[in-house]
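**Q** My structure file my_file_33.cif, mmCIF, C-alpha atoms, is below:
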```cif
data_data
loop_
_atom_site.label_atom_id
_atom_site.label_comp_id
_atom_site.auth_asym_id
_atom_site.auth_seq_id
_atom_site.Cartn_x
_atom_site.Cartn_y
_atom_site.Cartn_z
CA MET F 1 0.00 0.00 0.00
CA GLU F 2 1.27 3.46 -0.88
CA ARG F 3 2.28 5.45 2.19
CA ASN F 4 1.29 9.04 2.95
CA LYS F 5 3.44 11.97 2.02
CA ILE F 6 3.52 15.35 3.70
CA GLY F 7 4.09 18.21 1.27
CA ASN F 8 4.05 21.97 1.85
CA GLY F 9 2.80 21.42 5.36
CA ARG F 10 -0.43 19.72 4.16
CA LEU F 11 -1.51 16.13 3.79
CA GLU F 12 -1.55 15.14 0.13
CA SER F 13 -4.30 12.85 -1.04
CA VAL F 14 -3.31 9.22 -1.50
CA ALA F 15 -5.39 6.09 -1.67
CA ALA F 16 -6.34 4.96 1.81
CA ALA F 17 -9.17 3.12 3.49
CA PRO F 18 -10.52 4.19 5.84
CA LEU F 19 -9.89 7.85 5.12
CA ILE F 20 -10.45 8.80 8.78
CA ASP F 21 -9.88 6.48 11.71
CA LEU F 22 -10.61 7.54 15.29
CA GLN F 23 -8.90 5.17 17.71
CA ASN F 24 -9.77 5.05 21.42
CA ILE F 25 -10.60 8.76 21.59
CA THR F 26 -11.44 10.31 24.96
CA LYS F 27 -12.13 13.95 25.73
CA SER F 28 -13.08 15.79 28.91
CA TYR F 29 -14.03 19.34 29.83
CA ASP F 30 -13.73 20.41 33.49
CA ASN F 31 -13.37 16.77 34.58
CA LEU F 32 -16.56 15.84 32.70
CA LYS F 33 -15.87 13.12 30.15
CA VAL F 34 -17.75 13.99 26.96
CA LEU F 35 -16.22 11.28 24.76
CA LYS F 36 -15.61 7.81 26.13
CA ASN F 37 -13.24 5.63 24.13
CA ILE F 38 -14.65 6.44 20.68
CA ASN F 39 -13.64 4.18 17.79
CA LEU F 40 -14.91 5.16 14.35
CA SER F 41 -13.74 4.55 10.78
CA ILE F 42 -14.95 6.84 7.97
CA ASN F 43 -14.61 5.67 4.39
CA ASN F 44 -13.30 7.70 1.48
CA GLY F 45 -16.14 9.34 -0.47
CA GLU F 46 -18.98 8.54 1.89
CA PHE F 47 -21.61 10.81 3.45
CA LEU F 48 -21.52 10.02 7.16
CA THR F 49 -23.76 11.66 9.76
CA LEU F 50 -23.18 11.96 13.49
CA LEU F 51 -26.65 11.93 15.04
CA GLY F 52 -27.68 12.44 18.63
CA PRO F 53 -29.22 14.79 21.20
CA SER F 54 -27.53 17.93 22.50
CA GLY F 55 -24.52 17.10 24.65
CA CYS F 56 -23.99 13.62 23.19
CA GLY F 57 -20.47 14.42 21.92
CA LYS F 58 -21.12 14.67 18.17
CA THR F 59 -19.88 18.26 17.76
CA THR F 60 -16.84 17.53 19.92
CA THR F 61 -16.04 14.59 17.63
CA LEU F 62 -16.28 16.89 14.60
CA ARG F 63 -14.06 19.53 16.22
CA LEU F 64 -11.44 16.88 17.03
CA ILE F 65 -11.34 15.79 13.40
CA ALA F 66 -11.09 19.43 12.31
CA GLY F 67 -8.24 20.16 14.71
CA PHE F 68 -10.07 22.75 16.84
CA GLU F 69 -9.79 20.45 19.86
CA THR F 70 -7.16 17.97 21.05
CA PRO F 71 -8.13 14.58 22.49
CA ASP F 72 -7.07 13.60 26.00
CA SER F 73 -6.02 10.24 24.59
CA GLY F 74 -6.23 8.26 21.38
CA LYS F 75 -5.29 8.75 17.73
CA ILE F 76 -6.93 10.63 14.87
CA ILE F 77 -5.75 9.10 11.61
CA ILE F 78 -6.50 11.07 8.42
CA ASN F 79 -5.30 9.56 5.17
CA GLY F 80 -2.96 7.24 7.07
CA HIS F 81 -1.32 9.95 9.18
CA ASN F 82 -1.86 10.64 12.88
CA VAL F 83 -2.88 14.32 12.90
CA VAL F 84 -3.11 14.84 16.66
CA GLY F 85 -1.14 18.04 17.22
CA LEU F 86 -1.40 19.11 13.57
CA PRO F 87 -3.20 22.49 13.13
CA PRO F 88 -6.49 22.66 11.19
CA HIS F 89 -5.04 24.26 8.06
CA LYS F 90 -2.64 21.33 7.57
CA ARG F 91 -5.25 18.54 7.73
CA SER F 92 -6.90 18.83 4.27
CA VAL F 93 -10.16 19.23 6.16
CA ASN F 94 -12.58 22.15 5.84
CA THR F 95 -15.51 23.01 8.09
CA VAL F 96 -18.90 24.62 7.38
CA PHE F 97 -20.15 26.12 10.63
CA GLN F 98 -23.72 26.50 11.86
CA SER F 99 -23.31 30.30 11.76
CA TYR F 100 -21.69 30.19 8.26
CA ALA F 101 -18.95 32.60 9.60
CA LEU F 102 -18.92 34.72 6.44
CA PHE F 103 -17.02 38.01 6.32
CA PRO F 104 -19.80 40.66 6.12
CA HIS F 105 -17.59 43.35 4.53
CA MET F 106 -16.45 41.05 1.69
CA THR F 107 -18.28 40.12 -1.49
CA VAL F 108 -19.36 36.56 -2.12
CA PHE F 109 -16.39 36.16 -4.49
CA ASN F 110 -13.87 37.38 -1.91
CA ASN F 111 -15.40 35.25 0.84
CA VAL F 112 -14.88 32.16 -1.29
CA ALA F 113 -11.43 33.31 -2.44
CA PHE F 114 -10.14 34.13 1.06
CA GLY F 115 -8.49 30.78 1.79
CA LEU F 116 -6.87 30.62 -1.64
CA LYS F 117 -5.42 34.10 -1.21
CA MET F 118 -4.04 33.17 2.20
CA SER F 119 -2.37 30.16 0.56
CA LYS F 120 -0.90 32.49 -2.10
CA VAL F 121 -2.57 30.73 -5.01
CA PRO F 122 -1.94 32.65 -8.28
CA GLY F 123 -4.64 35.20 -9.20
CA PRO F 124 -5.88 33.60 -12.45
CA GLU F 125 -6.21 30.23 -10.71
CA ILE F 126 -8.12 31.86 -7.84
CA ASN F 127 -10.62 33.36 -10.27
CA ASP F 128 -11.16 30.04 -12.07
CA ARG F 129 -11.54 28.01 -8.88
CA VAL F 130 -13.86 30.50 -7.17
CA MET F 131 -16.19 30.76 -10.16
CA GLU F 132 -16.20 26.99 -10.55
CA ALA F 133 -17.21 26.63 -6.89
CA LEU F 134 -19.90 29.29 -7.19
CA LYS F 135 -21.33 27.65 -10.29
CA MET F 136 -21.42 24.36 -8.42
CA VAL F 137 -23.63 25.89 -5.71
CA LYS F 138 -25.63 27.93 -8.27
CA LEU F 139 -24.42 31.31 -7.03
CA ALA F 140 -22.20 32.59 -9.88
CA PRO F 141 -24.58 35.53 -10.61
CA TYR F 142 -24.24 36.65 -6.98
CA ALA F 143 -20.43 36.90 -6.92
CA SER F 144 -20.39 40.67 -6.37
CA ARG F 145 -23.01 40.75 -3.60
CA LYS F 146 -22.39 41.04 0.13
CA PRO F 147 -23.65 38.33 2.53
CA VAL F 148 -26.31 40.66 3.94
CA GLN F 149 -27.89 40.79 0.46
CA LEU F 150 -28.40 37.01 0.43
CA SER F 151 -31.01 34.72 1.92
CA GLY F 152 -30.10 32.23 4.63
CA GLY F 153 -29.99 29.40 2.11
CA GLN F 154 -27.74 31.39 -0.21
CA GLN F 155 -25.37 32.25 2.65
CA GLN F 156 -25.19 28.58 3.52
CA ARG F 157 -24.20 27.78 -0.07
CA VAL F 158 -21.49 30.46 0.02
CA ALA F 159 -20.08 28.78 3.13
CA VAL F 160 -20.07 25.42 1.32
CA ALA F 161 -18.38 26.97 -1.75
CA ARG F 162 -15.71 28.56 0.46
CA ALA F 163 -15.01 25.15 1.96
CA VAL F 164 -14.91 23.08 -1.23
CA VAL F 165 -12.84 25.61 -3.22
CA ASN F 166 -9.79 24.42 -1.24
CA LYS F 167 -10.36 20.88 -2.54
CA PRO F 168 -10.28 19.23 0.90
CA LEU F 169 -10.23 15.49 1.46
CA VAL F 170 -13.03 15.90 3.98
CA LEU F 171 -15.84 18.45 4.38
CA LEU F 172 -17.16 18.76 7.94
CA LEU F 173 -20.63 20.25 8.42
CA ASP F 174 -21.71 21.38 11.89
CA GLU F 175 -25.52 21.57 11.75
CA PRO F 176 -25.35 23.92 8.73
CA LEU F 177 -29.10 23.74 8.02
CA SER F 178 -30.49 24.35 11.50
CA ALA F 179 -31.27 28.05 10.91
CA LEU F 180 -33.30 27.41 7.73
CA ASP F 181 -37.07 27.05 7.47
CA ALA F 182 -38.49 23.58 6.78
CA LYS F 183 -38.96 23.98 3.00
CA LEU F 184 -35.52 25.47 2.41
CA ARG F 185 -33.94 22.93 4.73
CA PHE F 186 -35.36 20.10 2.63
CA GLU F 187 -34.08 21.72 -0.58
CA MET F 188 -30.61 22.19 0.91
CA GLN F 189 -30.51 18.57 2.07
CA GLU F 190 -31.03 17.49 -1.54
CA GLU F 191 -28.40 19.96 -2.77
CA LEU F 192 -25.83 18.80 -0.21
CA LYS F 193 -26.28 15.17 -1.22
CA GLN F 194 -26.00 15.99 -4.92
CA LEU F 195 -22.93 18.15 -4.28
CA GLN F 196 -21.25 15.38 -2.33
CA GLN F 197 -21.90 12.89 -5.12
CA LYS F 198 -20.54 15.35 -7.68
CA LEU F 199 -17.40 16.19 -5.70
CA LYS F 200 -16.82 12.57 -4.63
CA ILE F 201 -15.24 13.71 -1.35
CA THR F 202 -16.07 12.63 2.18
CA PHE F 203 -18.79 14.61 3.99
CA VAL F 204 -19.21 14.33 7.76
CA LEU F 205 -22.39 15.99 9.00
CA VAL F 206 -23.45 16.71 12.58
CA THR F 207 -27.20 16.94 13.23
CA HIS F 208 -29.85 16.20 15.84
CA ASP F 209 -32.52 15.89 13.12
CA GLN F 210 -33.34 12.22 12.57
CA GLU F 211 -35.14 12.75 9.26
CA GLU F 212 -32.20 14.73 7.90
CA ALA F 213 -29.76 11.99 8.90
CA LEU F 214 -31.85 9.22 7.35
CA SER F 215 -32.53 11.04 4.08
CA ILE F 216 -29.02 12.05 2.99
CA SER F 217 -26.52 9.73 4.71
CA ASP F 218 -24.71 6.66 3.49
CA ARG F 219 -24.12 5.72 7.12
CA VAL F 220 -25.41 7.08 10.42
CA VAL F 221 -23.53 7.10 13.73
CA VAL F 222 -25.97 7.38 16.65
CA MET F 223 -24.37 8.86 19.77
CA ASN F 224 -25.49 9.42 23.36
CA GLU F 225 -23.57 10.54 26.45
CA GLY F 226 -20.20 10.31 24.72
CA VAL F 227 -20.72 6.75 23.50
CA ILE F 228 -21.50 5.40 20.03
CA GLN F 229 -24.79 3.52 20.28
CA GLN F 230 -25.01 2.20 16.72
CA ILE F 231 -23.38 2.58 13.31
CA GLY F 232 -25.17 1.51 10.15
CA SER F 233 -27.05 2.45 7.02
CA PRO F 234 -30.14 4.64 7.55
CA ARG F 235 -32.35 1.62 6.88
CA ASN F 236 -30.40 -0.56 9.29
CA VAL F 237 -30.53 2.01 12.09
CA TYR F 238 -34.26 2.60 11.57
CA GLU F 239 -35.43 -0.98 11.04
CA GLU F 240 -32.95 -2.82 13.29
CA PRO F 241 -32.14 -0.55 16.26
CA ALA F 242 -29.40 -2.02 18.44
CA ASN F 243 -30.85 -0.77 21.72
CA LEU F 244 -33.76 1.13 23.23
CA PHE F 245 -32.02 4.50 23.00
CA THR F 246 -31.55 4.22 19.23
CA ALA F 247 -35.08 2.86 18.80
CA GLN F 248 -36.64 5.79 20.68
CA PHE F 249 -34.37 8.51 19.29
CA VAL F 250 -34.62 7.59 15.60
CA GLY F 251 -38.26 8.03 14.59
CA ASP F 252 -41.51 7.05 16.32
CA ILE F 253 -41.81 3.56 17.76
CA ASN F 254 -44.08 1.43 19.91
CA ILE F 255 -42.30 -0.37 22.76
CA PHE F 256 -44.30 -3.16 24.38
CA ASP F 257 -43.52 -5.07 27.57
CA ALA F 258 -43.59 -8.80 26.82
CA GLN F 259 -42.85 -12.15 28.44
CA VAL F 260 -42.48 -15.64 26.97
CA VAL F 261 -45.39 -17.85 28.12
CA ASP F 262 -45.08 -20.77 25.70
CA ILE F 263 -42.88 -22.15 22.94
CA GLN F 264 -44.67 -24.31 20.37
CA ASP F 265 -42.61 -26.00 17.64
CA GLY F 266 -40.09 -23.21 17.86
CA VAL F 267 -42.74 -20.45 17.76
CA VAL F 268 -42.56 -18.06 20.69
CA ILE F 269 -45.90 -17.23 22.34
CA ALA F 270 -45.67 -14.15 24.52
CA ASP F 271 -47.80 -12.09 26.83
CA VAL F 272 -47.69 -8.68 25.12
CA GLU F 273 -49.24 -6.00 27.34
CA GLY F 274 -51.73 -8.60 28.61
CA TYR F 275 -52.50 -10.19 25.21
CA ARG F 276 -51.28 -13.59 24.03
CA CYS F 277 -49.43 -13.17 20.72
CA ALA F 278 -47.00 -15.10 18.55
CA VAL F 279 -43.76 -13.23 17.90
CA ASP F 280 -41.09 -13.73 15.29
CA ASN F 281 -37.69 -13.98 16.94
CA LYS F 282 -34.29 -14.61 15.42
CA ARG F 283 -32.58 -15.84 18.58
CA PRO F 284 -33.37 -18.57 21.13
CA MET F 285 -35.64 -17.52 24.01
CA SER F 286 -36.54 -19.26 27.24
CA MET F 287 -39.78 -19.71 29.18
CA GLY F 288 -40.55 -16.77 31.43
CA GLU F 289 -38.02 -14.47 29.75
CA THR F 290 -39.07 -10.81 29.65
CA PHE F 291 -38.21 -8.63 26.69
CA LYS F 292 -39.18 -5.52 24.75
CA LEU F 293 -41.19 -5.90 21.55
CA LEU F 294 -40.61 -2.97 19.18
CA LEU F 295 -42.82 -2.00 16.24
CA ARG F 296 -42.88 1.16 14.14
CA PRO F 297 -46.28 2.84 13.57
CA GLU F 298 -46.21 1.79 9.90
CA ASP F 299 -45.78 -1.85 11.00
CA MET F 300 -49.18 -1.86 12.72
CA ARG F 301 -52.42 -3.09 11.13
CA VAL F 302 -55.73 -1.88 12.60
CA GLU F 303 -59.08 -3.59 12.01
CA LYS F 304 -62.66 -2.83 13.03
CA LEU F 305 -64.18 -5.36 15.41
CA SER F 306 -67.20 -7.41 14.35
CA GLU F 307 -69.99 -8.27 16.79
CA GLU F 308 -68.26 -11.56 17.59
CA PRO F 309 -64.63 -10.65 17.14
CA ASP F 310 -61.80 -13.15 16.96
CA THR F 311 -58.99 -11.29 18.69
CA VAL F 312 -56.64 -14.20 19.35
CA GLY F 313 -53.09 -13.02 18.73
CA LEU F 314 -54.15 -9.37 18.53
CA LEU F 315 -54.14 -6.37 20.81
CA VAL F 316 -57.45 -4.60 21.48
CA GLY F 317 -58.07 -0.96 22.35
CA ASN F 318 -60.08 2.19 21.71
CA VAL F 319 -59.25 4.89 19.18
CA GLU F 320 -58.15 8.03 21.02
CA ILE F 321 -56.83 10.12 18.11
CA LYS F 322 -57.13 9.83 14.34
CA THR F 323 -55.38 12.11 11.87
CA TYR F 324 -55.99 12.10 8.13
CA LYS F 325 -52.75 13.04 6.33
CA GLY F 326 -53.71 12.42 2.74
CA ALA F 327 -51.45 9.45 2.08
CA THR F 328 -51.86 7.95 5.55
CA LEU F 329 -54.37 7.59 8.35
CA ASP F 330 -52.51 7.99 11.65
CA SER F 331 -54.14 6.75 14.82
CA VAL F 332 -53.44 6.53 18.52
CA ILE F 333 -55.16 3.58 20.19
CA VAL F 334 -55.34 3.05 23.95
CA LEU F 335 -55.17 -0.53 25.24
CA GLU F 336 -57.10 -1.65 28.33
CA ASN F 337 -53.99 -1.22 30.50
CA GLY F 338 -53.60 2.39 29.35
CA LYS F 339 -50.75 1.73 26.89
CA ARG F 340 -50.96 4.09 23.89
CA VAL F 341 -50.19 2.57 20.49
CA MET F 342 -49.30 4.58 17.37
CA ALA F 343 -50.41 3.27 13.97
CA SER F 344 -49.83 4.74 10.51
CA GLU F 345 -51.60 3.06 7.58
CA PHE F 346 -51.69 4.02 3.92
CA PHE F 347 -55.13 5.37 3.09
CA ASP F 348 -57.29 3.09 0.93
CA GLU F 349 -60.01 5.14 -0.78
CA GLU F 350 -61.62 1.99 -2.22
CA ASP F 351 -62.19 0.53 1.24
CA GLU F 352 -65.27 2.22 2.66
CA ASP F 353 -64.53 0.81 6.12
CA PHE F 354 -61.04 2.23 6.19
CA ASP F 355 -61.66 4.84 8.85
CA TYR F 356 -62.38 4.83 12.56
CA HIS F 357 -64.49 6.74 15.02
CA ILE F 358 -63.11 8.26 18.18
CA ASP F 359 -63.59 5.77 21.06
CA GLU F 360 -64.29 2.95 18.58
CA LYS F 361 -62.93 -0.43 19.74
CA VAL F 362 -60.47 -1.94 17.27
CA SER F 363 -57.97 -4.77 17.05
CA ILE F 364 -54.29 -4.21 16.36
CA GLY F 365 -51.91 -6.62 14.71
CA TRP F 366 -48.67 -6.17 12.84
CA VAL F 367 -46.78 -7.47 9.84
CA LYS F 368 -45.13 -10.67 11.02
CA GLY F 369 -41.38 -10.63 10.75
CA TRP F 370 -41.16 -6.85 11.20
CA GLU F 371 -40.82 -7.09 14.97
CA VAL F 372 -37.64 -6.06 16.72
CA ILE F 373 -36.97 -7.86 19.99
CA LEU F 374 -34.56 -6.39 22.51
CA PRO F 375 -33.57 -7.49 26.01
CA ASP F 376 -35.51 -6.03 28.90
CA GLU F 377 -33.04 -3.40 30.11
CA ARG F 378 -34.56 -3.44 33.59
CA GLU F 379 -32.97 -6.83 34.18
#
```
With the file now loaded, output its structure as structure tokens.

**A**
Amino acid sequence: MERNKIGNGRLESVAAAPLIDLQNITKSYDNLKVLKNINLSINNGEFLTLLGPSGCGKTTTLRLIAGFETPDSGKIIINGHNVVGLPPHKRSVNTVFQSYALFPHMTVFNNVAFGLKMSKVPGPEINDRVMEALKMVKLAPYASRKPVQLSGGQQQRVAVARAVVNKPLVLLLDEPLSALDAKLRFEMQEELKQLQQKLKITFVLVTHDQEEALSISDRVVVMNEGVIQQIGSPRNVYEEPANLFTAQFVGDINIFDAQVVDIQDGVVIADVEGYRCAVDNKRPMSMGETFKLLLRPEDMRVEKLSEEPDTVGLLVGNVEIKTYKGATLDSVIVLENGKRVMASEFFDEEDEDFDYHIDEKVSIGWVKGWEVILPDERE
């Protein structure tokens, strides 16, 4: 394998996998440990998102990669070279901040050109690279404007252009869309993903927005209290959460208390919130074992009850809330023990019975095989 070379004080791009490798990283502030033995590999050319609540350590992780912070212990390998102690401008990494950090007295062109001028890039090359970057983010006609004359979305794109004009190996994005309204945020998510695919460089995004993480990432890293909870594709993290924190943080989910009451020919029969149901499990279970049964709202199937209902293997409750959303009918159903169950079903206009009344008694099942079973964390 070709080794790294250091030239002109910067890391030059060579083939390496992973591109970034965090090894046993710890970090504390005022004796409070905010990162606890983090190990994370980031592949060349991927869009990776650090997702988690405020204070989980995701921004600290980003700042360590950028060089704005130094770990208490561990290694930060970028392109095969340990960069701990190396200043930000020598890491081939650029950061887009939440505040954009544009120079208000400079034009859009000069904001984007600033880093190139500091690096003493020749004037003609600066002009070509800046205009190429501005065209990429669809802002070439705005080159002579000041930041105050731009919308929030346009300012965000200037910040991205300023970062990519330096041709970094890695672009770090610290919640760059948080100040935008919902419509513009969605548009910018699409633009960021398309830009990343066009540039073919590694993007590392920090966000607390689950939908944002799922929609634009190749992989998602879920963090909480300085610990990585799960790493996987958006689909893997959503459909196969590794623990209750990930399950509850990423999207809506129903979590049922359950206990094994019988095992018939390998089929697990469980008491689920007081109802006897068969569950699909991929690991051996024992009699009397308690566990958590997890189902997303879209996994649920709600049916009206006939006068002589057959509710074996189903949950039964009363409709508390129903919300028509055009494509879906979303319901909240309360079981006899007070447990509230969320259901989201695609609306069927050809089914005249596909609707419910408030307080109507209904049965609730689910698509078999879509269950997620996790250990009872109270044990």

**Q** Using all atoms listed in the file, determine which residues lie at most 10 Å from Asp209 in chain F, disregarding the query and same-chain residues fewer than 6 positions distant; provide the list as a list in words.

**A** Leu51, Gly52, Pro53, Glu175, Leu177, Ser178, Phe249, Val250 and Gly251 of chain F

**Q** Enter the distance from CA of Pro141 in chain F to CA of His105 in chain F, in Å, rounded to one decimal.

**A**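 We find that CA of Pro141 in chain F and CA of His105 in chain F lie 18.4 Å from each other.
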
**Q** Choose the residue, out of F:Phe354, F:Val204, F:Asp299, F:Val158, that has the smallest atom-to-atom separation from Tyr324 in chain F; count only C-alpha atoms.

**A**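 Once distances to Tyr324 in chain F are computed over only C-alpha atoms, the minimum belongs to F:Phe354.
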
**Q** Here's the selection I'm unsure about, the PyMOL selection byres ((chain F and resi 168) around 12); applied to the file above, which residues does it give, as a PyMOL selection string?

**A** chain F and resi 10-13+44-45+66+78-79+88-95+115+160-167+169-172+199-203

**Q** Kindly give the distance, in Å, that separates CA of Trp366 in chain F and CA of Phe346 in chain F, rounded to a single decimal.

**A**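 Calculated distance between CA of Trp366 in chain F and CA of Phe346 in chain F is 13.9 Å.
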
**Q** For Asn254 in chain F, which of F:Pro124, F:Pro176, F:Pro297, F:Pro234 is the closest residue, counting all atoms listed in the file?

**A**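 Result for the nearest residue to Asn254 in chain F: F:Pro297.
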
**Q** I need the output of the PyMOL selection byres ((chain F and resi 126-139) around 7) for this file as JSON, numbers by chain; which residues are they?

**A** {"F": [109, 112, 113, 116, 121, 122, 123, 124, 125, 140, 141, 142, 143, 157, 161, 165]}

**Q** For Lys75 in chain F, list every protein, DNA or RNA residue within 8 Å, evaluated using only C-alpha atoms, and leave out those in the same chain fewer than 3 positions away; present the list as a PyMOL selection string.

**A** chain F and resi 21-25+82-84

**Q** Running the PyMOL selection byres ((chain F and resi 220) around 6) on this model by hand, what would come out? Give it as JSON, numbers by chain.

**A** {"F": [48, 49, 219, 221, 231, 232, 233]}

**Q** Counting all atoms listed in the file, figure out which residue out of F:Lys361, F:Lys120, F:Arg296, F:Lys193 gets nearest to Glu46 in chain F.

**A** F:Lys193

**Q** Mind giving me the straight-line distance from CA of Thr107 in chain F to CA of Gly153 in chain F in Å, one decimal?

**A**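 Separation between CA of Thr107 in chain F and CA of Gly153 in chain F: 16.3 Å.
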
**Q** Between F:Leu195, F:Leu214, F:Val227, F:Met342, which residue has the minimum interatomic distance to Lys27 in chain F, considering all atoms listed in the file?

**A** F:Val227

**Q** When distances are computed from all atoms listed in the file, which of F:Gly55, F:Gly313, F:Pro241, F:Gly152 shows the smallest separation from Lys368 in chain F?

**A**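 Result for the nearest residue to Lys368 in chain F: F:Gly313.
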